[in-house]
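Next comes run.cif, a file with mmCIF, C-alpha atoms and all ligand atoms.
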data_upload
#
loop_
_atom_site.label_atom_id
_atom_site.label_comp_id
_atom_site.auth_asym_id
_atom_site.auth_seq_id
_atom_site.Cartn_x
_atom_site.Cartn_y
_atom_site.Cartn_z
CA MET A 24 222.40 11.57 -291.65
CA ASP A 25 221.04 14.14 -294.03
CA LYS A 26 223.92 15.38 -296.18
CA ILE A 27 223.25 19.08 -295.61
CA LEU A 28 222.96 18.57 -291.85
CA PHE A 29 226.25 16.65 -291.86
CA ILE A 30 228.07 19.40 -293.80
CA THR A 31 226.64 22.08 -291.49
CA LEU A 32 227.70 20.20 -288.36
CA PHE A 33 231.14 19.53 -289.83
CA THR A 34 231.58 23.24 -290.67
CA ILE A 35 230.56 24.33 -287.15
CA VAL A 36 232.86 21.81 -285.45
CA PHE A 37 235.74 22.62 -287.81
CA SER A 38 235.41 26.38 -287.35
CA LEU A 39 235.16 26.02 -283.55
CA PHE A 40 238.22 23.80 -283.53
CA SER A 41 240.28 25.96 -285.87
CA SER A 42 239.42 29.23 -284.08
CA SER A 43 240.28 27.82 -280.65
CA ALA A 44 243.46 26.28 -282.05
CA SER A 45 244.63 29.63 -283.46
CA ALA A 46 243.46 31.76 -280.51
CA GLN A 47 246.21 32.74 -278.07
CA TRP A 48 244.47 34.68 -275.34
CA THR A 49 246.58 36.57 -272.85
CA THR A 50 244.79 37.81 -269.74
CA ILE A 51 245.72 41.26 -268.49
CA VAL A 52 244.68 41.90 -264.90
CA ASN A 53 244.48 45.42 -263.49
CA GLY A 54 244.78 46.73 -259.97
CA THR A 55 247.60 44.64 -258.56
CA LYS A 56 251.32 45.32 -258.48
CA TRP A 57 253.01 43.24 -261.18
CA THR A 58 255.76 40.89 -260.06
CA ASP A 59 258.75 39.87 -262.17
CA THR A 60 259.88 36.31 -262.91
CA ASP A 61 261.98 36.36 -259.71
CA GLY A 62 258.91 37.25 -257.66
CA ASN A 63 259.98 40.84 -257.02
CA PRO A 64 257.67 43.84 -257.58
CA VAL A 65 257.91 45.40 -261.04
CA TYR A 66 259.04 48.99 -260.60
CA ALA A 67 258.52 50.68 -263.95
CA ASN A 68 256.16 53.62 -263.72
CA GLY A 69 255.97 56.63 -266.02
CA GLY A 70 257.69 54.61 -268.73
CA ASN A 71 256.77 52.90 -271.96
CA PHE A 72 256.82 49.65 -273.90
CA LEU A 73 258.98 48.91 -276.92
CA HIS A 74 258.22 45.85 -279.08
CA LYS A 75 261.28 44.71 -280.99
CA ASP A 76 262.20 41.40 -282.65
CA GLY A 77 259.35 39.59 -280.90
CA VAL A 78 260.27 40.84 -277.43
CA TRP A 79 258.39 43.37 -275.33
CA TYR A 80 260.57 45.73 -273.32
CA LEU A 81 259.19 47.76 -270.44
CA VAL A 82 261.17 50.69 -269.14
CA GLY A 83 260.17 52.94 -266.25
CA GLU A 84 260.90 54.68 -262.98
CA ASP A 85 262.08 52.53 -260.10
CA ARG A 86 260.14 54.20 -257.30
CA SER A 87 261.27 51.69 -254.68
CA LYS A 88 263.46 54.62 -253.65
CA PRO A 89 260.67 57.18 -254.16
CA TRP A 90 262.72 60.33 -254.66
CA MET A 91 265.69 58.85 -256.43
CA PRO A 92 264.31 56.63 -259.15
CA ASP A 93 266.80 54.61 -261.18
CA VAL A 94 265.53 53.49 -264.58
CA ASN A 95 264.55 49.80 -264.77
CA LEU A 96 264.29 47.60 -267.84
CA TYR A 97 262.18 44.43 -268.04
CA SER A 98 261.54 42.06 -270.96
CA SER A 99 258.78 39.64 -271.85
CA THR A 100 257.70 37.53 -274.80
CA ASP A 101 254.07 37.23 -273.65
CA PHE A 102 253.40 40.58 -271.94
CA VAL A 103 252.64 38.78 -268.67
CA HIS A 104 255.90 37.23 -267.49
CA TRP A 105 258.38 40.07 -267.04
CA THR A 106 262.08 39.39 -266.53
CA PHE A 107 264.11 42.06 -264.80
CA GLU A 108 266.95 42.93 -267.20
CA LYS A 109 268.87 45.74 -265.60
CA LYS A 110 268.94 49.18 -264.07
CA ILE A 111 269.88 50.82 -267.35
CA ILE A 112 270.34 54.32 -265.86
CA ARG A 113 271.58 54.57 -262.29
CA ASN A 114 271.76 57.37 -259.78
CA ARG A 115 275.27 58.63 -259.07
CA VAL A 116 276.64 56.33 -261.81
CA SER A 117 275.13 57.31 -265.16
CA HIS A 118 275.73 61.03 -264.53
CA PRO A 119 277.37 62.78 -261.56
CA ASP A 120 274.29 64.99 -260.98
CA LEU A 121 271.80 62.13 -261.09
CA GLY A 122 270.62 61.31 -257.58
CA ARG A 123 272.09 64.58 -256.32
CA ARG A 124 270.99 67.69 -258.18
CA ARG A 125 268.81 65.87 -260.72
CA MET A 126 266.29 63.02 -260.87
CA ILE A 127 264.70 61.23 -263.78
CA GLU A 128 260.97 60.99 -264.40
CA ARG A 129 259.08 59.41 -267.32
CA PRO A 130 261.93 57.60 -269.12
CA LYS A 131 260.89 56.59 -272.67
CA LEU A 132 262.69 53.89 -274.63
CA LEU A 133 263.14 54.11 -278.41
CA PHE A 134 265.19 52.29 -281.01
CA CYS A 135 266.94 54.56 -283.50
CA GLU A 136 267.19 53.01 -286.99
CA GLU A 137 269.86 55.46 -288.11
CA THR A 138 272.33 54.88 -285.27
CA GLN A 139 271.10 51.34 -284.45
CA LYS A 140 271.20 52.43 -280.81
CA TYR A 141 268.62 52.23 -278.05
CA VAL A 142 267.70 55.64 -276.75
CA VAL A 143 266.05 56.97 -273.60
CA TRP A 144 264.48 60.42 -273.54
CA CYS A 145 263.24 61.58 -270.15
CA HIS A 146 262.33 64.42 -267.82
CA TRP A 147 265.54 65.61 -266.06
CA GLU A 148 264.52 67.48 -262.98
CA ALA A 149 265.55 69.12 -259.71
CA ARG A 150 263.78 68.01 -256.55
CA ASP A 151 261.65 71.21 -256.55
CA TYR A 152 260.86 70.93 -260.31
CA SER A 153 262.68 74.20 -260.97
CA ALA A 154 265.16 72.81 -263.50
CA SER A 155 262.49 72.00 -266.12
CA GLU A 156 264.87 70.07 -268.38
CA ALA A 157 264.94 66.97 -270.53
CA ALA A 158 267.74 64.45 -271.05
CA MET A 159 268.81 61.88 -273.58
CA PHE A 160 270.83 58.67 -273.07
CA GLU A 161 271.81 55.95 -275.55
CA CYS A 162 273.25 52.44 -275.64
CA ASP A 163 274.37 49.88 -278.24
CA SER A 164 272.34 47.11 -276.62
CA VAL A 165 268.90 47.28 -275.07
CA ASN A 166 270.09 46.04 -271.67
CA GLY A 167 273.44 47.76 -271.38
CA ASP A 168 274.61 50.77 -269.38
CA TYR A 169 273.03 53.77 -271.07
CA GLN A 170 275.42 56.67 -271.66
CA TYR A 171 274.42 60.26 -271.02
CA VAL A 172 274.38 62.31 -274.25
CA TRP A 173 272.53 65.54 -273.52
CA SER A 174 270.38 67.41 -271.01
CA GLY A 175 268.87 70.86 -271.03
CA ARG A 176 265.82 72.80 -272.08
CA PRO A 177 264.75 71.72 -275.58
CA MET A 178 264.96 74.76 -277.83
CA ASP A 179 265.39 76.88 -274.69
CA THR A 180 261.96 75.84 -273.50
CA LYS A 181 261.20 74.98 -269.87
CA SER A 182 260.14 71.34 -270.17
CA ARG A 183 258.63 69.00 -267.56
CA ASP A 184 256.31 65.99 -267.83
CA CYS A 185 257.17 64.22 -271.10
CA ASN A 186 256.50 61.50 -273.61
CA VAL A 187 257.66 60.39 -277.05
CA PHE A 188 255.57 59.76 -280.14
CA VAL A 189 256.67 57.72 -283.15
CA ASP A 190 254.46 58.58 -286.11
CA ASN A 191 253.44 55.91 -288.61
CA ASP A 192 256.06 57.18 -291.08
CA GLY A 193 258.78 56.83 -288.44
CA THR A 194 259.12 60.54 -287.64
CA THR A 195 259.75 60.72 -283.93
CA TYR A 196 258.83 63.45 -281.47
CA PHE A 197 259.55 64.39 -277.89
CA ILE A 198 256.49 66.03 -276.34
CA SER A 199 256.47 67.75 -272.98
CA THR A 200 254.64 70.13 -270.71
CA THR A 201 256.34 73.46 -271.20
CA ASP A 202 256.52 77.03 -269.89
CA GLU A 203 255.70 76.29 -266.22
CA ASN A 204 252.99 73.72 -267.07
CA THR A 205 251.20 76.13 -269.41
CA ASN A 206 251.54 74.57 -272.89
CA LEU A 207 252.57 71.35 -274.58
CA GLY A 208 255.68 71.46 -276.74
CA LEU A 209 255.93 69.00 -279.63
CA PHE A 210 259.60 68.71 -280.63
CA MET A 211 260.64 66.76 -283.72
CA LEU A 212 263.76 64.66 -283.14
CA MET A 213 266.66 64.62 -285.59
CA THR A 214 266.96 61.23 -287.28
CA ASP A 215 269.80 60.30 -284.87
CA TYR A 216 267.38 61.02 -281.97
CA ARG A 217 270.12 63.05 -280.25
CA HIS A 218 268.58 66.51 -280.59
CA VAL A 219 265.29 68.22 -281.22
CA PHE A 220 265.05 70.61 -284.12
CA THR A 221 261.48 71.92 -284.48
CA LYS A 222 258.91 72.99 -281.93
CA THR A 223 255.13 73.26 -282.21
CA VAL A 224 253.02 74.58 -279.34
CA LEU A 225 249.93 72.43 -278.68
CA CYS A 226 247.10 72.92 -276.17
CA GLU A 227 248.27 76.49 -275.67
CA GLY A 228 247.44 77.79 -272.20
CA MET A 229 245.45 74.65 -271.36
CA ARG A 230 247.84 73.41 -268.66
CA ARG A 231 247.98 69.76 -269.75
CA GLU A 232 250.48 67.04 -268.92
CA ALA A 233 251.03 63.30 -269.48
CA PRO A 234 250.28 63.58 -273.22
CA ALA A 235 249.92 60.23 -275.04
CA ILE A 236 249.42 60.34 -278.82
CA VAL A 237 248.43 57.67 -281.33
CA HIS A 238 247.92 58.01 -285.10
CA ILE A 239 245.02 55.94 -286.45
CA ASP A 240 244.02 56.15 -290.12
CA ASP A 241 243.86 59.89 -290.90
CA THR A 242 243.47 61.04 -287.30
CA TYR A 243 245.79 61.80 -284.39
CA TYR A 244 244.34 61.17 -280.91
CA MET A 245 245.89 62.70 -277.81
CA ILE A 246 244.89 61.84 -274.24
CA SER A 247 246.28 64.08 -271.51
CA SER A 248 245.66 65.07 -267.91
CA ALA A 249 245.48 68.28 -265.94
CA CYS A 250 248.44 69.15 -263.69
CA THR A 251 247.46 67.94 -260.22
CA GLY A 252 250.73 66.42 -259.03
CA TRP A 253 250.27 62.76 -258.14
CA ASP A 254 246.49 63.03 -257.77
CA PRO A 255 244.40 61.67 -260.64
CA ASN A 256 242.04 63.93 -262.59
CA GLN A 257 239.69 63.84 -265.57
CA ALA A 258 241.54 62.69 -268.70
CA LYS A 259 240.72 64.65 -271.84
CA LEU A 260 240.89 63.73 -275.50
CA THR A 261 241.63 65.93 -278.48
CA THR A 262 241.93 64.82 -282.11
CA SER A 263 243.32 66.30 -285.29
CA HIS A 264 244.02 65.35 -288.90
CA ASN A 265 247.33 67.21 -288.61
CA LEU A 266 249.83 66.76 -285.78
CA HIS A 267 250.76 70.45 -285.78
CA PHE A 268 247.39 72.22 -285.93
CA GLY A 269 243.62 71.78 -286.05
CA TRP A 270 243.19 69.97 -282.72
CA THR A 271 239.58 69.78 -281.50
CA PRO A 272 238.51 71.26 -278.15
CA LEU A 273 239.31 68.93 -275.23
CA ARG A 274 236.55 66.51 -274.32
CA ASN A 275 236.26 64.18 -271.34
CA ILE A 276 237.24 60.54 -271.74
CA GLY A 277 236.94 57.87 -269.05
CA ASP A 278 235.56 58.68 -265.62
CA ARG A 279 236.26 61.85 -263.61
CA ILE A 280 239.62 60.53 -262.31
CA ALA A 281 240.62 58.49 -265.39
CA TYR A 282 239.95 55.34 -263.32
CA ASP A 283 242.64 56.55 -260.92
CA THR A 284 245.32 56.71 -263.63
CA GLN A 285 247.41 59.18 -265.57
CA ALA A 286 248.26 58.37 -269.19
CA SER A 287 251.69 57.07 -270.04
CA SER A 288 251.16 55.71 -273.57
CA ILE A 289 248.80 54.24 -276.15
CA LEU A 290 249.97 50.96 -277.71
CA THR A 291 248.98 49.78 -281.18
CA ILE A 292 248.52 46.00 -281.41
CA ASN A 293 248.29 45.29 -285.09
CA GLY A 294 247.21 41.70 -285.78
CA THR A 295 245.97 39.42 -288.52
CA GLU A 296 242.30 40.09 -287.72
CA GLY A 297 242.28 43.64 -286.44
CA THR A 298 244.02 46.35 -284.48
CA THR A 299 243.54 46.87 -280.76
CA TYR A 300 244.71 50.05 -279.04
CA LEU A 301 245.76 49.79 -275.42
CA TYR A 302 245.68 52.73 -273.03
CA VAL A 303 248.55 52.46 -270.55
CA GLY A 304 248.27 54.56 -267.41
CA ASP A 305 250.03 54.99 -264.10
CA ARG A 306 248.02 54.55 -260.93
CA TRP A 307 250.27 56.71 -258.78
CA MET A 308 250.39 56.62 -254.97
CA ASP A 309 248.47 53.41 -254.49
CA PRO A 310 248.89 54.06 -251.59
CA SER A 311 252.59 54.98 -251.74
CA LEU A 312 254.72 56.08 -254.68
CA ALA A 313 256.53 52.73 -254.55
CA GLU A 314 253.20 50.91 -254.76
CA SER A 315 252.15 52.76 -257.94
CA LYS A 316 250.66 50.36 -260.49
CA ILE A 317 250.54 50.01 -264.27
CA ILE A 318 246.96 49.91 -265.57
CA ILE A 319 246.12 48.76 -269.11
CA LEU A 320 242.73 49.26 -270.72
CA PRO A 321 241.55 48.28 -274.21
CA ILE A 322 240.31 51.35 -276.04
CA GLU A 323 236.72 51.04 -277.31
CA TRP A 324 234.90 52.75 -280.17
CA ARG A 325 231.42 54.29 -280.13
CA ASN A 326 228.87 54.85 -282.82
CA PRO A 327 227.73 58.47 -282.20
CA GLU A 328 224.23 57.81 -283.60
CA THR A 329 223.33 54.60 -281.79
CA GLY A 330 225.68 54.77 -278.78
CA ASP A 331 226.71 51.22 -279.63
CA VAL A 332 230.32 50.46 -278.58
CA ALA A 333 232.67 48.15 -280.52
CA HIS A 334 236.06 46.60 -279.75
CA GLN A 335 237.57 47.72 -283.04
CA LYS A 336 237.45 51.06 -284.79
CA ASP A 337 235.48 51.09 -288.05
CA GLU A 338 233.54 53.68 -290.06
CA ASN A 339 230.46 53.19 -287.87
CA HIS A 340 232.43 53.37 -284.62
CA PRO A 341 234.78 56.34 -284.91
CA GLU A 342 234.64 57.75 -281.34
CA MET A 343 237.31 56.77 -278.84
CA VAL A 344 235.93 55.56 -275.48
CA LEU A 345 237.74 54.43 -272.33
CA ASN A 346 236.02 52.00 -269.96
CA TYR A 347 237.48 50.32 -266.91
CA ARG A 348 238.17 46.59 -267.01
CA ASP A 349 239.37 44.62 -263.98
CA SER A 350 240.75 42.22 -266.56
CA PHE A 351 240.44 41.40 -270.24
CA ASP A 352 241.93 38.98 -272.75
CA ILE A 353 243.96 40.03 -275.76
CA ASP A 354 245.27 38.01 -278.69
CA PHE A 355 248.43 39.81 -279.79
CA GLU A 356 248.70 37.71 -282.98
CA ARG A 357 245.20 38.50 -284.16
CA GLY A 358 245.01 42.03 -282.70
CA VAL A 359 241.66 41.37 -281.02
CA TRP A 360 240.45 41.41 -277.42
CA ARG A 361 237.52 40.07 -275.41
CA GLU A 362 235.97 40.71 -272.00
C1 LIG B 401 252.58 64.41 -262.42
C2 LIG B 401 253.50 63.94 -263.46
O1 LIG B 401 252.81 63.38 -264.49
C3 LIG B 401 254.51 63.01 -262.89
O2 LIG B 401 255.35 62.52 -263.88
C4 LIG B 401 255.22 63.75 -261.84
O3 LIG B 401 255.93 64.79 -262.43
C5 LIG B 401 254.27 64.30 -260.82
N1 LIG B 401 253.29 65.11 -261.46
C6 LIG B 401 255.00 65.10 -259.79
O4 LIG B 401 254.10 65.76 -258.97
#
Show me, as structure tokens, the structure contained in the file I just sent.
Ligand code: DGJ
Amino acid sequence: MDKILFITLFTIVFSLFSSSASAQWTTIVNGTKWTDTDGNPVYANGGNFLHKDGVWYLVGEDRSKPWMPDVNLYSSTDFVHWTFEKKIIRNRVSHPDLGRRRMIERPKLLFCEETQKYVVWCHWEARDYSASEAAMFECDSVNGDYQYVWSGRPMDTKSRDCNVFVDNDGTTYFISTTDENTNLGLFMLMTDYRHVFTKTVLCEGMRREAPAIVHIDDTYYMISSACTGWDPNQAKLTTSHNLHFGWTPLRNIGDRIAYDTQASSILTINGTEGTTYLYVGDRWMDPSLAESKIIILPIEWRNPETGDVAHQKDENHPEMVLNYRDSFDIDFERGVWRE
């Protein structure tokens, strides 16, 4: 065989072999209720994911009892097989008011480097949403009984639908819909995560909720929804080079009902070959509150001149785009995804 032809064939076969040997594709399927490793439905809406020491943790509302959600914790090493760990916050147990005068929505799990404790910040609400409070719990282990630390209105601000945001430098924020669903309040957490100590008003008067923020390169991206209860609506994106000011006017992202979801978080999957950003949304009331689903979509990036869309953000593809995928594959090691 011609030497050049042999070398070419060898290179092709070797590269095919080595890429398939290193590829670890995980398929994420949307639209069905996840089940845990015991075969039970995964109840973890309005929550978030925490990746720590090689383990994914999923925390969220247990809407199997629709109006009295406990807080469930699941774990997984592959993002597909979820083991039920524990009800980490329980009605009538974790606090005397919980399950009586208060309920929890949107629990968000964090790990605090300073205290070495696991922390949950959440919306702490009355059945008619008149309380407008937040709460904070903590625990020495991820799957222990979380202890109540604080509840109230952060910096005397009426606070409802909430999220957390950990900036790339580790600064951590609680962000919530404030002042009777009028504004967003961005509250910096003290380094022990027990209290908030600064407040910035974002999206003033725009009546946004379900804010999910990610910091990519020199830009912050925030996806949020309008306040329409459990009904989906058009998600909107705003960006800024500074977390505290300079946010662009809201622009539509995704279809007119955000593919029947409401944002809960944006995950950064940093790998050896790239970084993939995953939009995580709740598909509420599908058809009941208990049947609400978790929907995960890979964020895509558009070239504004050509309209060409790429899987990874680069200087030619700076615009965030959200398309629906019934399923897609992701390689968490390499940080890449495919259709
Ligand atoms: C939408 C919010 O995002 C949910 O967390 C919940 O508060 C519902 N509204 C209640 O109507």
**Message:** Need the shell around Val224 of chain A: protein/DNA/RNA residues with any atom at most 8 Å away, counting only C-alpha atoms. Skip same-chain ones fewer than 4 positions apart. Format as a PyMOL selection string?
**Reply:** chain A and resi 206-209+267
Would you tabulate, counting all atoms listed in the file, all residues of chain A that have an atom at most 8 Å from an atom of ligand LIG 401 (chain B), showing the closest pair of atoms and their distance in Å to one decimal, sorted by chain then ascending number, as JSON lines?
{"residue": "A:Gly69", "atom": "CA", "partner": "B:LIG401", "partner_atom": "O2", "distance": 6.3}
{"residue": "A:Glu128", "atom": "CA", "partner": "B:LIG401", "partner_atom": "O2", "distance": 5.8}
{"residue": "A:Arg129", "atom": "CA", "partner": "B:LIG401", "partner_atom": "O2", "distance": 6.0}
{"residue": "A:Arg183", "atom": "CA", "partner": "B:LIG401", "partner_atom": "O3", "distance": 7.2}
{"residue": "A:Asp184", "atom": "CA", "partner": "B:LIG401", "partner_atom": "O2", "distance": 5.3}
{"residue": "A:Cys185", "atom": "CA", "partner": "B:LIG401", "partner_atom": "O2", "distance": 7.6}
{"residue": "A:Glu232", "atom": "CA", "partner": "B:LIG401", "partner_atom": "O1", "distance": 6.2}
{"residue": "A:Ala233", "atom": "CA", "partner": "B:LIG401", "partner_atom": "O1", "distance": 5.3}
{"residue": "A:Cys250", "atom": "CA", "partner": "B:LIG401", "partner_atom": "C1", "distance": 6.4}
{"residue": "A:Thr251", "atom": "CA", "partner": "B:LIG401", "partner_atom": "C1", "distance": 6.6}
{"residue": "A:Gly252", "atom": "CA", "partner": "B:LIG401", "partner_atom": "O4", "distance": 3.4}
{"residue": "A:Trp253", "atom": "CA", "partner": "B:LIG401", "partner_atom": "O4", "distance": 4.9}
{"residue": "A:Asp254", "atom": "CA", "partner": "B:LIG401", "partner_atom": "C1", "distance": 7.8}
{"residue": "A:Gln285", "atom": "CA", "partner": "B:LIG401", "partner_atom": "O1", "distance": 6.9}
**Request:** Calculate how many Å separate atom CA of Ser288 of chain A from atom CA of Asp76 of chain A, rounding to one decimal.
**Result:** 20.2 Å
**Request:** Please identify all polymer residues within 7 Å of Tyr171 of chain A, counting only C-alpha atoms, omitting same-chain residues fewer than 3 positions from it, and present them as JSON, numbers by chain.
**Result:** {"A": [117, 118, 159, 160, 161]}
Using C-alpha atoms, can you export the residues from the last selection as a PDB file, in the frame of the given file?
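Generated output (out_13.pdb):
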ATOM      1  CA  SER A 117     275.130  57.310-265.160  1.00  0.00           C
ATOM      2  CA  HIS A 118     275.730  61.030-264.530  1.00  0.00           C
ATOM      3  CA  MET A 159     268.810  61.880-273.580  1.00  0.00           C
ATOM      4  CA  PHE A 160     270.830  58.670-273.070  1.00  0.00           C
ATOM      5  CA  GLU A 161     271.810  55.950-275.550  1.00  0.00           C
TER       6      GLU A 161
END
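If you measure from each of A:Arg113, A:Arg217, A:Lys181, A:His74 to Trp144 of chain A using all atoms listed in the file, the closest one turns out to be A:Arg217.
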Can you report as AutoDock Vina command-line options the centre and edge lengths in Å, to one decimal, of an axis-aligned box around the listed atoms of segment 247-255 of chain A padded with 6 Å on each side?
--center_x 247.6 --center_y 65.4 --center_z -264.6 --size_x 18.3 --size_y 19.5 --size_z 25.7
Do you know which residues are at most 8 Å from Asn265 of chain A counting all atoms listed in the file, after dropping those on the same chain fewer than 4 positions away, and could you put them as a PDB file with C-alpha atoms, in the coordinates of the input?
ATOM      1  CA  THR A 242     243.470  61.040-287.300  1.00  0.00           C
ATOM      2  CA  TYR A 243     245.790  61.800-284.390  1.00  0.00           C
ATOM      3  CA  GLY A 269     243.620  71.780-286.050  1.00  0.00           C
ATOM      4  CA  TRP A 270     243.190  69.970-282.720  1.00  0.00           C
TER       5      TRP A 270
END
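Between atom CA of Met229 of chain A and atom CA of Val82 of chain A there is a distance of 28.7 Å.
Here the question is which of A:Thr49, A:Glu342, A:Asn275, A:Gly193 gets nearest to Met211 of chain A using all atoms listed in the file, and that residue is A:Gly193.
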**Request:** Tell me which protein, DNA and RNA residues are within 8 Å of Ile246 of chain A, counting only C-alpha atoms, leaving out same-chain ones fewer than 4 positions away, and put them as a PyMOL selection string.
**Result:** chain A and resi 233-236+258-261+286
Could you list, as a tab-separated table (two decimals) with C-alpha atoms, in the coordinates of the input, every residue within 10 Å of Leu312 of chain A, counting all atoms listed in the file and ignoring same-chain residues fewer than 4 positions away?
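The result, written out as result13.tsv:
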chain	number	residue	atom	x	y	z
A	68	ASN	CA	256.16	53.62	-263.72
A	85	ASP	CA	262.08	52.53	-260.10
A	86	ARG	CA	260.14	54.20	-257.30
A	87	SER	CA	261.27	51.69	-254.68
A	88	LYS	CA	263.46	54.62	-253.65
A	89	PRO	CA	260.67	57.18	-254.16
A	90	TRP	CA	262.72	60.33	-254.66
A	253	TRP	CA	250.27	62.76	-258.14
A	306	ARG	CA	248.02	54.55	-260.93
A	307	TRP	CA	250.27	56.71	-258.78
A	308	MET	CA	250.39	56.62	-254.97
A	316	LYS	CA	250.66	50.36	-260.49
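Considering the residues A:Asp283, A:Gln257, A:Glu137, A:Thr262 and counting only C-alpha atoms, Met213 of chain A has its shortest atom-to-atom contact with A:Glu137.
Between atom CA of Leu301 of chain A and atom CA of Asp354 of chain A the separation is 12.2 Å.
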